[in-house]
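Visitor: Next comes the structure file structure_24.txt, holding compact mmCIF, C-alpha atoms and all ligand atoms.
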# COMPACT_ATOMS: atom_id res chain seq x y z
CA MET P 1241 -9.24 24.63 -2.53
CA SER P 1242 -12.97 24.32 -2.12
CA VAL P 1243 -13.48 22.42 1.12
CA ALA P 1244 -13.25 25.56 3.19
CA PRO P 1245 -13.09 28.44 0.74
CA GLY P 1246 -11.23 31.39 2.14
CA SER P 1247 -10.75 29.60 5.41
CA ALA P 1248 -7.85 30.50 7.68
CA ARG P 1249 -7.49 26.74 8.14
CA THR P 1250 -6.29 26.29 4.56
CA PRO P 1251 -3.74 29.06 4.07
CA GLY P 1252 -2.64 29.20 0.45
CA PHE P 1253 -4.04 27.25 -2.47
CA ASN P 1254 -1.24 24.70 -2.47
CA ALA P 1255 -1.69 23.84 1.18
CA GLY P 1256 -5.06 22.18 0.50
CA PRO P 1257 -7.36 20.96 3.24
CA ILE P 1258 -6.21 19.32 6.44
CA VAL P 1259 -7.95 16.08 7.33
CA ALA P 1260 -8.57 14.36 10.65
CA VAL P 1261 -9.10 10.61 10.84
CA VAL P 1262 -10.76 9.61 14.10
CA GLY P 1263 -10.36 5.91 14.87
CA ALA P 1264 -7.23 4.12 13.62
CA GLY P 1265 -8.45 0.57 13.10
CA VAL P 1266 -8.71 -1.36 9.84
CA VAL P 1267 -10.61 1.37 7.99
CA GLY P 1268 -9.17 4.43 9.75
CA ARG P 1269 -5.61 3.49 8.88
CA SER P 1270 -6.53 2.91 5.25
CA TRP P 1271 -8.32 6.27 5.12
CA ALA P 1272 -5.21 7.93 6.60
CA ARG P 1273 -3.14 6.37 3.83
CA ALA P 1274 -5.67 7.43 1.17
CA PHE P 1275 -5.75 11.08 2.29
CA ALA P 1276 -1.99 11.31 2.87
CA GLY P 1277 -1.33 9.48 -0.40
CA ALA P 1278 -3.36 12.16 -2.20
CA GLY P 1279 -1.11 14.82 -0.67
CA PHE P 1280 -3.24 16.03 2.25
CA PRO P 1281 -1.90 16.46 5.80
CA VAL P 1282 -3.63 13.97 8.12
CA ARG P 1283 -4.11 14.08 11.89
CA LEU P 1284 -4.80 10.63 13.26
CA PHE P 1285 -6.51 10.02 16.60
CA ASP P 1286 -7.44 6.85 18.45
CA PRO P 1287 -8.15 6.59 22.19
CA SER P 1288 -5.81 3.62 22.12
CA ALA P 1289 -2.30 5.04 21.63
CA GLU P 1290 -1.20 1.53 20.71
CA ALA P 1291 -3.82 1.33 17.91
CA ALA P 1292 -2.62 4.65 16.47
CA ARG P 1293 1.03 3.59 16.67
CA ALA P 1294 0.26 0.22 15.06
CA ALA P 1295 -1.75 1.94 12.32
CA VAL P 1296 1.17 4.12 11.27
CA ALA P 1297 3.54 1.13 11.43
CA THR P 1298 1.18 -0.88 9.18
CA ILE P 1299 0.82 2.00 6.71
CA ALA P 1300 4.62 2.41 6.58
CA ALA P 1301 5.22 -1.32 6.09
CA GLU P 1302 2.60 -1.65 3.33
CA LEU P 1303 3.88 1.45 1.53
CA SER P 1304 7.46 0.14 1.63
CA GLU P 1305 6.29 -3.18 0.26
CA ASP P 1306 4.43 -1.39 -2.55
CA VAL P 1307 7.58 0.57 -3.39
CA GLY P 1308 9.50 -2.73 -3.42
CA LEU P 1309 6.93 -4.20 -5.83
CA GLY P 1310 7.30 -1.21 -8.13
CA LEU P 1311 3.71 -0.07 -7.50
CA LEU P 1312 4.85 3.26 -6.03
CA PRO P 1313 7.88 5.42 -6.79
CA ALA P 1314 10.92 5.33 -4.51
CA GLY P 1315 10.54 7.85 -1.70
CA ALA P 1316 6.73 7.59 -1.71
CA ALA P 1317 6.63 5.67 1.55
CA SER P 1318 8.42 8.27 3.70
CA GLU P 1319 6.64 11.11 1.93
CA VAL P 1320 3.17 9.67 2.62
CA VAL P 1321 3.92 8.62 6.20
CA GLY P 1322 5.46 12.05 6.80
CA ARG P 1323 2.06 13.65 6.16
CA ILE P 1324 0.44 11.69 9.01
CA THR P 1325 0.59 13.14 12.52
CA VAL P 1326 -0.64 11.05 15.43
CA CYS P 1327 -2.46 13.14 18.06
CA GLY P 1328 -3.03 11.98 21.62
CA ARG P 1329 -6.22 14.01 22.10
CA LEU P 1330 -9.27 14.26 19.84
CA ALA P 1331 -9.37 18.06 20.28
CA ASP P 1332 -5.77 18.36 19.04
CA ALA P 1333 -6.47 16.10 16.07
CA VAL P 1334 -9.42 18.14 14.82
CA ALA P 1335 -8.19 21.65 15.68
CA GLY P 1336 -8.01 23.63 12.45
CA VAL P 1337 -8.96 20.77 10.12
CA ASP P 1338 -11.38 21.08 7.21
CA TYR P 1339 -12.71 17.53 6.98
CA VAL P 1340 -13.11 14.78 9.59
CA GLN P 1341 -13.49 11.09 8.69
CA GLU P 1342 -14.80 9.29 11.77
CA SER P 1343 -13.91 5.59 11.71
CA GLY P 1344 -14.63 4.51 15.27
CA PRO P 1345 -16.52 1.39 16.42
CA GLU P 1346 -19.82 0.48 14.74
CA ASP P 1347 -22.04 1.32 17.71
CA LEU P 1348 -24.78 3.96 17.63
CA ALA P 1349 -24.10 5.35 21.12
CA VAL P 1350 -20.35 5.56 20.45
CA LYS P 1351 -20.92 7.26 17.09
CA GLN P 1352 -23.29 9.77 18.73
CA SER P 1353 -20.79 10.47 21.48
CA ILE P 1354 -17.90 10.97 19.01
CA LEU P 1355 -20.10 13.27 16.91
CA GLY P 1356 -20.87 15.33 20.02
CA GLU P 1357 -17.15 15.76 20.68
CA LEU P 1358 -16.45 16.62 17.05
CA VAL P 1359 -19.20 19.23 16.91
CA ALA P 1360 -17.86 20.88 20.07
CA ALA P 1361 -14.25 20.89 18.86
CA THR P 1362 -14.64 22.08 15.24
CA ALA P 1363 -15.78 25.23 13.44
CA GLY P 1364 -19.28 25.36 11.95
CA ASP P 1365 -18.21 24.69 8.35
CA VAL P 1366 -16.04 21.61 8.96
CA ILE P 1367 -17.37 18.51 7.21
CA LEU P 1368 -18.05 15.65 9.64
CA ALA P 1369 -18.13 12.33 7.77
CA SER P 1370 -18.77 8.89 9.25
CA SER P 1371 -17.49 5.60 7.83
CA THR P 1372 -20.49 3.70 9.29
CA SER P 1373 -21.47 0.60 7.33
CA THR P 1374 -24.91 0.08 8.82
CA LEU P 1375 -26.19 3.10 10.74
CA ASP P 1376 -28.74 5.68 9.58
CA PRO P 1377 -27.17 9.16 9.62
CA ASN P 1378 -30.49 10.53 10.93
CA LEU P 1379 -30.05 8.40 14.05
CA ILE P 1380 -26.38 9.26 14.58
CA ALA P 1381 -27.04 13.00 14.24
CA ALA P 1382 -30.50 13.07 15.91
CA GLY P 1383 -30.77 16.27 17.94
CA SER P 1384 -27.16 17.27 17.21
CA PRO P 1385 -26.43 20.91 16.36
CA GLY P 1386 -23.87 19.49 13.92
CA ALA P 1387 -26.47 17.51 11.91
CA VAL P 1388 -26.31 20.16 9.18
CA ARG P 1389 -22.67 19.28 8.39
CA PHE P 1390 -22.79 15.55 9.10
CA LEU P 1391 -23.06 12.80 6.50
CA VAL P 1392 -22.12 9.17 5.90
CA VAL P 1393 -19.08 8.55 3.70
CA HIS P 1394 -19.02 4.77 3.64
CA PRO P 1395 -15.83 3.33 2.13
CA VAL P 1396 -15.13 -0.05 0.65
CA ASN P 1397 -12.30 -1.70 2.54
CA PRO P 1398 -9.52 -0.79 2.01
CA PRO P 1399 -10.39 2.75 0.83
CA HIS P 1400 -6.81 3.56 -0.17
CA LEU P 1401 -7.22 0.87 -2.81
CA ILE P 1402 -10.92 0.76 -3.70
CA PRO P 1403 -12.27 4.12 -4.88
CA VAL P 1404 -16.05 3.80 -4.42
CA VAL P 1405 -17.52 5.62 -1.43
CA GLU P 1406 -21.24 5.64 -0.64
CA ILE P 1407 -22.52 9.06 0.34
CA LEU P 1408 -25.67 9.42 2.42
CA ALA P 1409 -26.89 12.69 3.84
CA GLY P 1410 -29.28 12.94 6.76
CA LYS P 1411 -32.53 14.90 6.47
CA ALA P 1412 -30.86 17.86 8.22
CA THR P 1413 -27.64 17.80 6.18
CA ASP P 1414 -26.99 20.95 4.16
CA PRO P 1415 -26.92 19.87 0.47
CA ALA P 1416 -23.86 22.13 0.01
CA ILE P 1417 -21.97 19.90 2.46
CA VAL P 1418 -22.69 16.89 0.24
CA VAL P 1419 -21.39 18.77 -2.81
CA ARG P 1420 -18.23 19.89 -0.96
CA ALA P 1421 -17.61 16.41 0.46
CA CYS P 1422 -17.95 14.78 -2.98
CA GLU P 1423 -15.68 17.38 -4.53
CA PHE P 1424 -13.02 16.79 -1.87
CA LEU P 1425 -13.30 13.00 -2.11
CA ARG P 1426 -12.78 13.17 -5.87
CA GLN P 1427 -9.57 15.11 -5.18
CA VAL P 1428 -8.53 12.23 -2.94
CA GLY P 1429 -9.14 9.86 -5.86
CA GLN P 1430 -12.37 8.36 -4.51
CA GLN P 1431 -15.48 7.83 -6.59
CA PRO P 1432 -18.51 9.07 -4.63
CA VAL P 1433 -21.91 7.46 -5.20
CA VAL P 1434 -24.83 9.35 -3.67
CA LEU P 1435 -27.79 7.46 -2.16
CA HIS P 1436 -31.20 9.14 -1.98
CA ARG P 1437 -32.31 7.52 1.26
CA PHE P 1438 -31.18 5.10 3.96
CA VAL P 1439 -31.46 1.39 3.28
CA THR P 1440 -29.82 -1.30 5.40
CA GLY P 1441 -26.41 -2.18 3.93
CA PHE P 1442 -26.49 0.79 1.54
CA LEU P 1443 -25.83 -0.34 -2.07
CA LEU P 1444 -22.59 -2.28 -1.91
CA ASN P 1445 -23.28 -4.51 1.06
CA ARG P 1446 -26.82 -5.26 -0.18
CA LEU P 1447 -25.52 -6.37 -3.55
CA GLN P 1448 -22.69 -8.32 -1.93
CA ALA P 1449 -25.11 -10.01 0.50
CA ALA P 1450 -27.44 -11.01 -2.35
CA LEU P 1451 -24.58 -12.86 -4.06
CA LEU P 1452 -23.12 -14.27 -0.83
CA ARG P 1453 -26.53 -15.66 0.17
CA GLU P 1454 -26.78 -17.59 -3.09
CA ALA P 1455 -23.10 -18.65 -2.99
CA ILE P 1456 -23.51 -20.06 0.53
CA ALA P 1457 -26.65 -21.95 -0.46
CA LEU P 1458 -24.98 -23.47 -3.54
CA VAL P 1459 -22.13 -24.86 -1.42
CA VAL P 1460 -24.20 -25.91 1.61
CA ASP P 1461 -26.78 -27.61 -0.64
CA GLY P 1462 -23.98 -29.52 -2.38
CA VAL P 1463 -24.48 -28.02 -5.86
CA ALA P 1464 -20.77 -27.09 -6.13
CA ASP P 1465 -17.76 -26.43 -3.94
CA ALA P 1466 -16.32 -23.04 -2.93
CA ALA P 1467 -13.62 -23.20 -5.61
CA ALA P 1468 -16.23 -23.58 -8.36
CA VAL P 1469 -18.32 -20.70 -7.04
CA ASP P 1470 -15.29 -18.43 -6.67
CA THR P 1471 -14.03 -19.34 -10.14
CA VAL P 1472 -17.38 -18.45 -11.69
CA VAL P 1473 -17.24 -15.04 -10.03
CA ARG P 1474 -13.49 -14.37 -10.38
CA ASP P 1475 -13.01 -15.60 -13.97
CA GLY P 1476 -16.56 -15.12 -15.22
CA LEU P 1477 -18.81 -12.45 -13.76
CA GLY P 1478 -15.96 -10.49 -12.19
CA LEU P 1479 -14.12 -9.85 -15.43
CA ARG P 1480 -17.17 -8.04 -16.83
CA TRP P 1481 -17.89 -6.37 -13.50
CA ALA P 1482 -14.60 -4.50 -13.59
CA VAL P 1483 -16.06 -2.73 -16.64
CA LEU P 1484 -19.88 -2.95 -16.44
CA GLY P 1485 -22.38 -3.29 -13.59
CA PRO P 1486 -25.55 -5.44 -13.71
CA PHE P 1487 -27.43 -2.95 -15.86
CA GLY P 1488 -24.52 -2.45 -18.24
CA VAL P 1489 -24.17 -6.23 -18.54
CA ALA P 1490 -27.91 -6.63 -19.18
CA ALA P 1491 -27.80 -3.87 -21.80
CA THR P 1492 -24.95 -5.59 -23.65
CA ASN P 1493 -26.59 -9.04 -23.48
CA ALA P 1494 -29.25 -8.16 -26.07
CA ASP P 1495 -28.89 -6.25 -29.31
CA GLY P 1496 -31.78 -3.96 -28.36
CA GLY P 1497 -30.31 -3.02 -24.97
CA VAL P 1498 -31.65 -3.45 -21.47
CA GLY P 1499 -35.34 -3.12 -22.45
CA ASP P 1500 -34.93 -5.79 -25.13
CA TYR P 1501 -33.05 -8.04 -22.67
CA LEU P 1502 -35.65 -7.73 -19.92
CA THR P 1503 -38.54 -8.15 -22.35
CA ARG P 1504 -37.14 -11.13 -24.23
CA PHE P 1505 -35.92 -12.98 -21.16
CA ARG P 1506 -38.71 -11.84 -18.85
CA GLY P 1507 -40.17 -15.30 -18.27
CA PRO P 1508 -36.95 -17.26 -17.67
CA LEU P 1509 -35.47 -14.40 -15.65
CA MET P 1510 -38.49 -14.18 -13.36
CA ALA P 1511 -38.53 -17.97 -12.95
CA LEU P 1512 -34.81 -17.96 -12.11
CA MET P 1513 -35.14 -15.07 -9.64
CA SER P 1514 -38.06 -16.83 -7.96
CA SER P 1515 -35.92 -19.95 -7.52
CA LEU P 1516 -33.07 -18.16 -5.70
CA SER P 1517 -32.26 -19.37 -2.23
CA PRO P 1518 -33.76 -17.98 0.97
CA THR P 1519 -31.54 -16.62 3.76
CA PRO P 1520 -29.38 -19.52 4.98
CA GLU P 1521 -29.54 -20.58 8.59
CA LEU P 1522 -25.74 -20.50 8.95
CA SER P 1523 -25.72 -23.33 11.45
CA ALA P 1524 -22.41 -24.55 12.90
CA THR P 1525 -22.51 -27.47 10.43
CA ALA P 1526 -23.06 -25.14 7.49
CA ILE P 1527 -20.22 -22.85 8.59
CA ALA P 1528 -17.89 -25.82 9.05
CA ARG P 1529 -18.72 -27.03 5.54
CA LEU P 1530 -18.04 -23.57 4.08
CA GLU P 1531 -14.76 -23.34 6.00
CA THR P 1532 -13.57 -26.72 4.75
CA SER P 1533 -14.53 -26.00 1.16
CA THR P 1534 -12.85 -22.56 1.26
CA ALA P 1535 -9.71 -23.99 2.87
CA GLU P 1536 -9.49 -26.58 0.08
CA MET P 1537 -9.67 -23.75 -2.44
CA ILE P 1538 -7.06 -21.56 -0.74
CA GLY P 1539 -4.76 -24.52 -0.27
CA GLY P 1540 -2.87 -23.35 2.78
CA MET P 1541 -1.92 -19.90 1.48
CA PRO P 1542 -1.59 -17.60 4.52
CA LEU P 1543 -4.37 -14.99 4.66
CA ASP P 1544 -1.95 -12.06 4.70
CA ARG P 1545 -0.43 -13.31 1.43
CA LEU P 1546 -3.91 -13.65 -0.06
CA ARG P 1547 -4.65 -10.06 1.02
CA ARG P 1548 -1.41 -8.73 -0.43
CA SER P 1549 -2.04 -10.57 -3.67
CA ARG P 1550 -5.53 -9.02 -3.75
CA ASP P 1551 -4.03 -5.56 -3.18
CA VAL P 1552 -1.43 -5.92 -5.92
CA PHE P 1553 -4.00 -7.20 -8.42
CA VAL P 1554 -6.48 -4.43 -7.58
CA HIS P 1555 -3.73 -1.83 -7.91
CA ARG P 1556 -2.78 -3.16 -11.36
CA VAL P 1557 -6.38 -3.54 -12.54
CA ARG P 1558 -7.07 0.07 -11.56
CA ALA P 1559 -3.99 1.25 -13.43
CA LEU P 1560 -5.17 -0.68 -16.49
CA LYS P 1561 -8.67 0.74 -16.17
CA ARG P 1562 -7.29 4.28 -16.02
CA GLU P 1563 -5.25 3.54 -19.12
CA LEU P 1564 -7.91 1.78 -21.16
CA ALA P 1565 -11.44 2.48 -20.07
CA PRO P 1566 -13.06 5.83 -20.72
CA MET P 1567 -16.27 4.38 -19.19
CA GLU P 1568 -14.84 4.06 -15.71
CA GLY P 1569 -14.83 7.78 -14.95
CA GLY P 1570 -12.52 7.58 -12.01
N1 LIG P 1601 -13.81 -3.14 8.31
C1 LIG P 1601 -14.48 -2.91 7.20
O1 LIG P 1601 -14.42 -3.70 6.23
C2 LIG P 1601 -15.31 -1.66 7.06
C3 LIG P 1601 -15.68 -1.23 5.76
C4 LIG P 1601 -16.41 -0.04 5.62
C5 LIG P 1601 -16.76 0.69 6.74
N2 LIG P 1601 -16.41 0.25 7.99
C6 LIG P 1601 -16.79 1.07 9.14
O2 LIG P 1601 -15.64 1.76 9.60
C7 LIG P 1601 -15.74 1.93 11.03
C8 LIG P 1601 -14.50 1.34 11.68
O3 LIG P 1601 -14.46 -0.04 11.40
P1 LIG P 1601 -13.10 -0.87 11.56
O4 LIG P 1601 -13.32 -2.15 10.86
O5 LIG P 1601 -11.95 -0.01 11.20
O6 LIG P 1601 -13.10 -1.13 13.14
P2 LIG P 1601 -11.85 -1.42 14.08
O7 LIG P 1601 -12.40 -2.11 15.27
O8 LIG P 1601 -10.75 -2.06 13.30
O9 LIG P 1601 -11.35 0.05 14.51
C9 LIG P 1601 -12.10 0.91 15.33
C10 LIG P 1601 -11.11 1.81 16.04
O10 LIG P 1601 -11.85 2.80 16.76
C11 LIG P 1601 -11.15 3.04 17.97
N3 LIG P 1601 -12.06 3.67 18.92
C12 LIG P 1601 -12.71 3.10 19.98
N4 LIG P 1601 -13.44 4.06 20.61
C13 LIG P 1601 -13.24 5.21 19.95
C14 LIG P 1601 -13.68 6.55 20.14
N5 LIG P 1601 -14.50 6.87 21.15
N6 LIG P 1601 -13.25 7.51 19.29
C15 LIG P 1601 -12.44 7.20 18.26
N7 LIG P 1601 -11.97 5.94 18.03
C16 LIG P 1601 -12.38 4.97 18.86
C17 LIG P 1601 -10.63 1.67 18.40
O11 LIG P 1601 -9.56 1.81 19.32
C18 LIG P 1601 -10.22 1.08 17.06
O12 LIG P 1601 -8.85 1.32 16.78
C19 LIG P 1601 -17.05 1.29 11.45
O13 LIG P 1601 -18.05 2.28 11.51
C20 LIG P 1601 -17.33 0.31 10.33
O14 LIG P 1601 -18.69 0.03 10.16
C21 LIG P 1601 -15.68 -0.90 8.18
Could you render the structure as structure tokens?
Ligand SMILES: NC(=O)c1ccc[n+]([C@@H]2O[C@H](COP(=O)([O-])OP(=O)(O)OC[C@H]3O[C@@H](n4cnc5c(N)ncnc54)[C@H](O)[C@@H]3O)[C@@H](O)[C@H]2O)c1

Guide:
Amino acid sequence: MSVAPGSARTPGFNAGPIVAVVGAGVVGRSWARAFAGAGFPVRLFDPSAEAARAAVATIAAELSEDVGLGLLPAGAASEVVGRITVCGRLADAVAGVDYVQESGPEDLAVKQSILGELVAATAGDVILASSTSTLDPNLIAAGSPGAVRFLVVHPVNPPHLIPVVEILAGKATDPAIVVRACEFLRQVGQQPVVLHRFVTGFLLNRLQAALLREAIALVVDGVADAAAVDTVVRDGLGLRWAVLGPFGVAATNADGGVGDYLTRFRGPLMALMSSLSPTPELSATAIARLETSTAEMIGGMPLDRLRRSRDVFVHRVRALKRELAPMEGG
């Protein structure tokens, strides 16, 4: 195992690395399931004992449901849950681990304080990863002696289901830590994407916000309702997006590839891009309109059923992609 080569913390090749998940909320519990599902022992810590208990209960319930749906083999639920140990103290959770995935509250001071505790409680080669969605790793690790082994590993919720993780090192991060983190995450089944510098929202949330901004404007301005917008994405753009991103789509939209596409459609494309909507005000009236239109689309389906249906579809689409698409790479 390469996370801590030769380390006393990973005795024997088959043992593999031990992982600590710090923070057991929405993302922490999904990370715990992802790591444990890939076969790694997980120590789970949350200052709220109730949050940690609830996280394990949720993981167990979702796994059992997945077994019931035939998405996982019988026995998988108890096996995966059996790899997760809840620890009442942070120091116990991280003692002897090789990799820490911090998933605490999105607050700079809290992240800095957790990092301080992690640095004090772990050996000098333990990878310290943060799930932060918005914070610059240079700010979180500013002045920390652990900056060299700290980096952002930003998941897409829920990470046990969606493989992409955005990787962002700070200026002080040892490049070898980035390589080791990516290697480990691939073993977990994640697909790391490395950013070269900090930008608000990283890649995924910026792209998502660009589309959401336009979608909101189209509904608020009365061009179409939420169902129409979601159908265009779900049964139009989204079908291609499971295979090709915006550049792949552009390249396949002209016989001469992306250069041909951008050259031939330069004028109309630039005119269209210039006509896109500005940031919406999101007034109470606008939000109410979006709520009503979305409720009409969902038609009373409870949100937890919508989420489960999303999870089952994503699970099956990923299985199909693994089976069919050599382009996916993950
Ligand atoms: N929710 C998402 O969709 C999403 C997606 C990607 C990344 N993230 C990031 O993941 C992190 C966690 O987000 P979340 O949505 O799971 O939040 P959450 O509020 O659901 O969970 C945060 C957990 O941290 C615990 N906590 C509080 N203080 C702590 C401390 N000092 N040490 C350790 N744990 C502490 C809380 O008890 C809570 O259980 C954030 O940094 C967020 O930006 C969230």

Visitor: Ligand LIG 1601 (chain P): which residues are within 7 Å, counting only C-alpha atoms and all ligand atoms? Reply as a ChimeraX atom specification.

Guide: /P:1262-1268,1285-1288,1291,1343-1346,1350,1354,1371-1374,1394-1397

Visitor: Counting all atoms listed in the file, which residues of segment 1367-1465 of chain P fall within 12 Å of segment 1294-1310 of chain P, and what is the closest atom pair for each with its distance in Å at one decimal, ordered by chain and rising number, as a tab-separated table?

Guide:
residue	atom	partner	partner_atom	distance
P:Pro1398	CA	P:Ile1299	CA	11.7
P:His1400	CA	P:Ile1299	CA	10.4
P:Leu1401	CA	P:Glu1302	CA	11.9

Visitor: Could you tell me which of P:Phe1280, P:Leu1509, P:Ala1333, P:Val1463 comes closest to Gly1429 of chain P if we count all atoms listed in the file?

Guide: P:Phe1280

Visitor: Name the closest residue to Leu1516 of chain P among the candidates P:Gln1427, P:Val1460, P:Ala1450, P:Thr1492; distances are taken between atoms, counting all atoms listed in the file.

Guide: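 Looking at the shortest contact to Leu1516 of chain P, the residue is P:Ala1450.
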
Visitor: Distance table requested - segment 1392-1477 of chain P against segment 1525-1533 of chain P, cut-off 8 Å, all atoms listed in the file: one row per qualifying residue with the closest atom pair and its distance in Å to one decimal, ordered by chain and rising residue number, as JSON lines.

Guide:
{"residue": "P:Ile1456", "atom": "CA", "partner": "P:Leu1530", "partner_atom": "CA", "distance": 7.4}
{"residue": "P:Val1459", "atom": "CA", "partner": "P:Leu1530", "partner_atom": "CA", "distance": 7.0}
{"residue": "P:Val1460", "atom": "CA", "partner": "P:Ala1526", "partner_atom": "CA", "distance": 6.0}
{"residue": "P:Asp1465", "atom": "CA", "partner": "P:Ser1533", "partner_atom": "CA", "distance": 6.1}
{"residue": "P:Ala1466", "atom": "CA", "partner": "P:Ser1533", "partner_atom": "CA", "distance": 5.4}
{"residue": "P:Ala1467", "atom": "CA", "partner": "P:Ser1533", "partner_atom": "CA", "distance": 7.4}

Visitor: Take the residues that were just selected and, keeping C-alpha atoms, output them as a PDB file, in the coordinates of the input.

Guide:
ATOM      1  CA  ILE P1456     -23.510 -20.060   0.530  1.00  0.00           C
ATOM      2  CA  VAL P1459     -22.130 -24.860  -1.420  1.00  0.00           C
ATOM      3  CA  VAL P1460     -24.200 -25.910   1.610  1.00  0.00           C
ATOM      4  CA  ASP P1465     -17.760 -26.430  -3.940  1.00  0.00           C
ATOM      5  CA  ALA P1466     -16.320 -23.040  -2.930  1.00  0.00           C
ATOM      6  CA  ALA P1467     -13.620 -23.200  -5.610  1.00  0.00           C
TER       7      ALA P1467
END

Visitor: Between P:Leu1447, P:Leu1425, P:Met1537, P:Leu1484, which is the closest to Ala1468 of chain P once you count all atoms listed in the file?

Guide: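 Of P:Leu1447, P:Leu1425, P:Met1537, P:Leu1484, the one nearest Ala1468 of chain P is P:Met1537, counting all atoms listed in the file.
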
Visitor: Restricting the calculation to only C-alpha atoms, which member of P:Ala1535, P:Ile1258, P:Cys1327, P:Ala1316 is positioned closest to Glu1290 of chain P?

Guide: P:Cys1327

Visitor: Would you pick out the contacts of Ala1349 of chain P at 12 Å or less, using only C-alpha atoms, so that residues sharing its chain but fewer than 2 positions from it are not included, and give the list as a list of chain:residue names?

Guide: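 Everything that qualifies: P:Gly1344, P:Pro1345, P:Glu1346, P:Asp1347, P:Lys1351, P:Gln1352, P:Ser1353, P:Ile1354, P:Leu1355, P:Gly1356, P:Leu1375, P:Leu1379, P:Ile1380, P:Ala1381, P:Ala1382.
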
Visitor: Please provide as a ChimeraX atom specification all residues within 7 Å of Phe1390 of chain P, with the sequence filter that same-chain residues fewer than 6 positions apart are discarded (counting all atoms listed in the file).

Guide: /P:1367-1369,1413

Visitor: Grab the atom CA of Val1405 of chain P to atom CA of Leu1502 of chain P distance for me, in Å with one decimal place.

Guide: 29.1 Å

Visitor: From the options P:Gly1277, P:Val1554, P:Ala1457, P:Gln1448, which residue's atoms come nearest to Glu1521 of chain P, counting only C-alpha atoms?

Guide: P:Ala1457

Visitor: Go ahead and compute the interatomic distance for atom CA of Thr1362 of chain P and atom CA of Ala1421 of chain P, in Å to one decimal.

Guide: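 Calculated distance between atom CA of Thr1362 of chain P and atom CA of Ala1421 of chain P is 16.1 Å.
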
Visitor: Env of Val1359 of chain P: 8 Å cut, atoms = all atoms listed in the file, seq-sep filter 5 positions within chain, self excluded. Answer as a PyMOL selection string.

Guide: chain P and resi 1364+1385-1386

Visitor: Around (-30.1, -19.6, 5.1), as given in the file, which residues come within 6 Å? Count all atoms listed in the file and list them as a PDB file with C-alpha atoms, in the coordinates of the input.

Guide:
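The result, stored in point.pdb:
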ATOM      1  CA  PRO P1518     -33.760 -17.980   0.970  1.00  0.00           C
ATOM      2  CA  THR P1519     -31.540 -16.620   3.760  1.00  0.00           C
ATOM      3  CA  PRO P1520     -29.380 -19.520   4.980  1.00  0.00           C
ATOM      4  CA  GLU P1521     -29.540 -20.580   8.590  1.00  0.00           C
ATOM      5  CA  LEU P1522     -25.740 -20.500   8.950  1.00  0.00           C
TER       6      LEU P1522
END

Visitor: Could you jot down the atom CA of Val1418 of chain P to atom CA of Arg1446 of chain P separation for me, Å, one decimal place?

Guide: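 Separating atom CA of Val1418 of chain P from atom CA of Arg1446 of chain P is a distance of 22.5 Å.
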
Visitor: Could you give me the axis-aligned bounding box of segment 1407-1414 of chain P, with 4 Å of padding per side, as centre plus edge lengths in Å to one decimal, as lines of an AutoDock Vina configuration file?

Guide:
center_x = -27.5
center_y = 15.0
center_z = 4.3
size_x = 18.0
size_y = 19.9
size_z = 15.9

Visitor: Applying 10 Å and all atoms listed in the file, which residues near Val1557 of chain P remain after dropping the ones on its own chain fewer than 6 positions away? List them as a PyMOL selection string.

Guide: chain P and resi 1482+1551+1563

Visitor: Could you tell me, as a short mmCIF file (atom, residue, chain, number, x, y, z; two decimals) with C-alpha atoms, keeping the file's coordinate frame, which residues have any atom at most 8 Å from (1.4, 1.3, -9.2), counting all atoms listed in the file?

Guide:
data_model
loop_
_atom_site.label_atom_id
_atom_site.label_comp_id
_atom_site.auth_asym_id
_atom_site.auth_seq_id
_atom_site.Cartn_x
_atom_site.Cartn_y
_atom_site.Cartn_z
CA ASP P 1306 4.43 -1.39 -2.55
CA GLY P 1310 7.30 -1.21 -8.13
CA LEU P 1311 3.71 -0.07 -7.50
CA LEU P 1312 4.85 3.26 -6.03
CA HIS P 1555 -3.73 -1.83 -7.91
CA ARG P 1556 -2.78 -3.16 -11.36
CA ALA P 1559 -3.99 1.25 -13.43
#
